[in-house]
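Okay, so here's the structure we're looking at.
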Amino acid sequence: MKKKLNKNKSFYFSIIILGLIFIAGAYLAYLKSQDKSRKVVTIPKTILREVDENLTKKDWVWLSMTLENSQVIKPRSGEFILKFNSDGTFTSSTDCNSISGKFNSLNGIIQFENSIVTTEKYCMKSLEGAYVKQLQNAKNYKFNEKNQLIIELKDGSGFMIFN
């Protein structure tokens with residue numbers, strides 16, 4: 001009787017182990033299929049490493065942002081100052097904190113890398129979050145007849161004006 005009981009335990013144990021192996025294999029196959037279905041689009045760093053000297057020649061004061069729904073956002077005068085450096089880095093003061101990071105620009109295309117660093121002081125009613133979000137959403141830039149910097153946002157979602 002004891003031998004039969006031990007034999008049943010071994011049988012069930014073997015079934016459980018095989019089931020776990022099957023589940024683990026199915027999960028690994030699922031993960032592998034997910035990697036293939038993701039589309040990661042990256043722009044080679046060598047394409048956009050030049051920095052337009054027109055961007056670096058002055059500190060840019062953010063005047064306004066117009067969003068696709070025609071909403072206009074204006075910070076208090078002189079609170080947001082953006083400075084581009086020739087090494088592809090930037091710094092900016094905001095109405096609350098300071099931010100910094102890296103950007104790429106070439107022939108009217110501009111991209112701010114997602115790894116923007118910020119100090120972490122809390123400020124109520126700050127426009128900093130919207131400002132950073134739209135910098136990360138930047139697509140193109142140009143200069144208008146008043147020599148203002150116009151940063152156009154992706155998908156025609158608006159633009160930012162700097163003086």
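Order determines the names: the first chain of the structure tokens is A, the second B, and so forth; residues in each chain are numbered 1 upward, and ligands are numbered 1 upward as they are shown.
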Name the residues in contact with stretch 76-81 of chain A at a cut-off of 8 Å, using only C-alpha atoms, excluding same-chain residues fewer than 5 positions from it; report them as number ranges by chain.
A: 59-63, 92-95
So which bits of chain A end up strand (DSSP E) when you DSSP the backbone, as a PyMOL selection string?
chain A and resi 60-67+72-73+81-84+89-93+98-106+109-112+117-118+138-143+149-153+158-162
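Closest to A:Lys83 among A:Lys9, A:Lys142, A:Lys57, A:Lys154 is A:Lys57, based on only C-alpha atoms.
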Contacts of A:Asn54 at 10 Å or less, counting only C-alpha atoms, minus same-chain residues fewer than 5 places along, as JSON, numbers by chain?
{"A": [84, 142, 143, 147, 149]}
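Picture a line from atom CA of A:Ile73 to atom CA of A:Leu55; it runs 22.5 Å.
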In Å, with one decimal, what is the gap from atom CA of A:Thr56 to atom CA of A:Ser115?
20.4 Å
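Taking only stretch 57-142 of chain A, the residues that DSSP calls helix (DSSP H, G or I) from the backbone come to Glu128, Gly129, Ala130, Tyr131, Val132, Lys133, Gln134, Leu135 and Gln136 of chain A.
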So that I can see what lies close to A:Ser86, please list as a short mmCIF file (atom, residue, chain, number, x, y, z; two decimals) with N, CA and C atoms, in the first residue's frame the residues with an atom at most 12 Å from it, counting only C-alpha atoms and leaving out residues fewer than 2 positions away in the same chain.
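The resulting file, selection.cif, is shown below:
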```cif
data_model
loop_
_atom_site.label_atom_id
_atom_site.label_comp_id
_atom_site.auth_asym_id
_atom_site.auth_seq_id
_atom_site.Cartn_x
_atom_site.Cartn_y
_atom_site.Cartn_z
N ARG A 49 23.50 65.51 -34.83
CA ARG A 49 24.45 65.99 -33.84
C ARG A 49 24.92 67.42 -34.06
N GLU A 50 24.67 68.01 -35.18
CA GLU A 50 25.06 69.40 -35.37
C GLU A 50 24.08 70.28 -34.62
N VAL A 51 24.58 71.41 -34.13
CA VAL A 51 23.73 72.35 -33.41
C VAL A 51 23.74 73.68 -34.18
N ASP A 52 22.56 74.14 -34.52
CA ASP A 52 22.42 75.41 -35.23
C ASP A 52 22.91 76.53 -34.33
N GLU A 53 23.91 77.28 -34.79
CA GLU A 53 24.46 78.36 -33.96
C GLU A 53 23.44 79.47 -33.70
N ASN A 54 22.40 79.56 -34.53
CA ASN A 54 21.34 80.55 -34.26
C ASN A 54 20.59 80.21 -32.97
N LEU A 55 20.57 78.93 -32.60
CA LEU A 55 19.92 78.54 -31.34
C LEU A 55 20.78 78.93 -30.14
N THR A 56 22.10 78.86 -30.29
CA THR A 56 23.00 79.06 -29.16
C THR A 56 23.41 80.52 -28.96
N LYS A 57 23.04 81.40 -29.86
CA LYS A 57 23.55 82.77 -29.80
C LYS A 57 22.93 83.62 -28.69
N LYS A 58 21.83 83.16 -28.10
CA LYS A 58 21.19 83.95 -27.05
C LYS A 58 20.36 83.06 -26.14
N LYS A 83 18.24 78.01 -22.65
CA LYS A 83 19.57 78.24 -23.21
C LYS A 83 20.08 76.97 -23.86
N PHE A 84 20.42 77.07 -25.15
CA PHE A 84 21.00 75.96 -25.91
C PHE A 84 22.52 76.10 -25.88
N GLY A 88 25.19 70.35 -27.48
CA GLY A 88 23.96 69.56 -27.56
C GLY A 88 23.22 69.45 -26.24
N THR A 89 23.60 70.24 -25.25
CA THR A 89 22.88 70.27 -23.99
C THR A 89 22.08 71.56 -23.90
N PHE A 90 21.11 71.58 -23.00
CA PHE A 90 20.35 72.80 -22.77
C PHE A 90 20.06 72.93 -21.28
N THR A 91 19.78 74.13 -20.87
CA THR A 91 19.31 74.41 -19.51
C THR A 91 18.14 75.36 -19.64
N LYS A 102 19.49 67.07 -22.92
CA LYS A 102 20.16 67.06 -24.22
C LYS A 102 19.13 67.29 -25.33
N PHE A 103 19.60 67.87 -26.40
CA PHE A 103 18.74 68.08 -27.56
C PHE A 103 19.55 67.80 -28.81
N ASN A 104 18.84 67.59 -29.90
CA ASN A 104 19.44 67.40 -31.22
C ASN A 104 18.77 68.39 -32.16
N SER A 105 19.56 68.95 -33.06
CA SER A 105 18.96 69.86 -34.05
C SER A 105 19.76 69.81 -35.34
#
```
Applying 9 Å and only C-alpha atoms, which residues near A:Ile110 remain after dropping the ones on its own chain fewer than 6 positions away? List them as an MDAnalysis selection string.
chainID A and resid 48 103:104 138:141 151
Write out, as a PDB file, in the first residue's frame, the residues just selected, with N, CA and C atoms.
```pdb
ATOM      1  N   LEU A  48      21.601  63.908 -36.256  1.00  0.00           N
ATOM      2  CA  LEU A  48      21.225  65.199 -35.681  1.00  0.00           C
ATOM      3  C   LEU A  48      22.242  65.761 -34.687  1.00  0.00           C
ATOM      4  N   PHE A 103      19.605  67.866 -26.403  1.00  0.00           N
ATOM      5  CA  PHE A 103      18.740  68.076 -27.561  1.00  0.00           C
ATOM      6  C   PHE A 103      19.552  67.798 -28.814  1.00  0.00           C
ATOM      7  N   ASN A 104      18.841  67.588 -29.904  1.00  0.00           N
ATOM      8  CA  ASN A 104      19.442  67.402 -31.215  1.00  0.00           C
ATOM      9  C   ASN A 104      18.773  68.387 -32.158  1.00  0.00           C
ATOM     10  N   ALA A 138       8.554  68.486 -29.231  1.00  0.00           N
ATOM     11  CA  ALA A 138       9.052  69.366 -30.293  1.00  0.00           C
ATOM     12  C   ALA A 138       9.393  68.568 -31.549  1.00  0.00           C
ATOM     13  N   LYS A 139       9.163  69.201 -32.682  1.00  0.00           N
ATOM     14  CA  LYS A 139       9.446  68.552 -33.969  1.00  0.00           C
ATOM     15  C   LYS A 139      10.365  69.420 -34.831  1.00  0.00           C
ATOM     16  N   ASN A 140       9.953  70.638 -35.092  1.00  0.00           N
ATOM     17  CA  ASN A 140      10.691  71.546 -35.971  1.00  0.00           C
ATOM     18  C   ASN A 140      10.891  72.888 -35.281  1.00  0.00           C
ATOM     19  N   TYR A 141      11.806  73.671 -35.818  1.00  0.00           N
ATOM     20  CA  TYR A 141      11.962  75.041 -35.340  1.00  0.00           C
ATOM     21  C   TYR A 141      12.253  75.949 -36.525  1.00  0.00           C
ATOM     22  N   ILE A 151       9.029  76.949 -32.077  1.00  0.00           N
ATOM     23  CA  ILE A 151       9.184  75.494 -32.017  1.00  0.00           C
ATOM     24  C   ILE A 151       7.826  74.882 -32.321  1.00  0.00           C
TER      25      ILE A 151
END
```
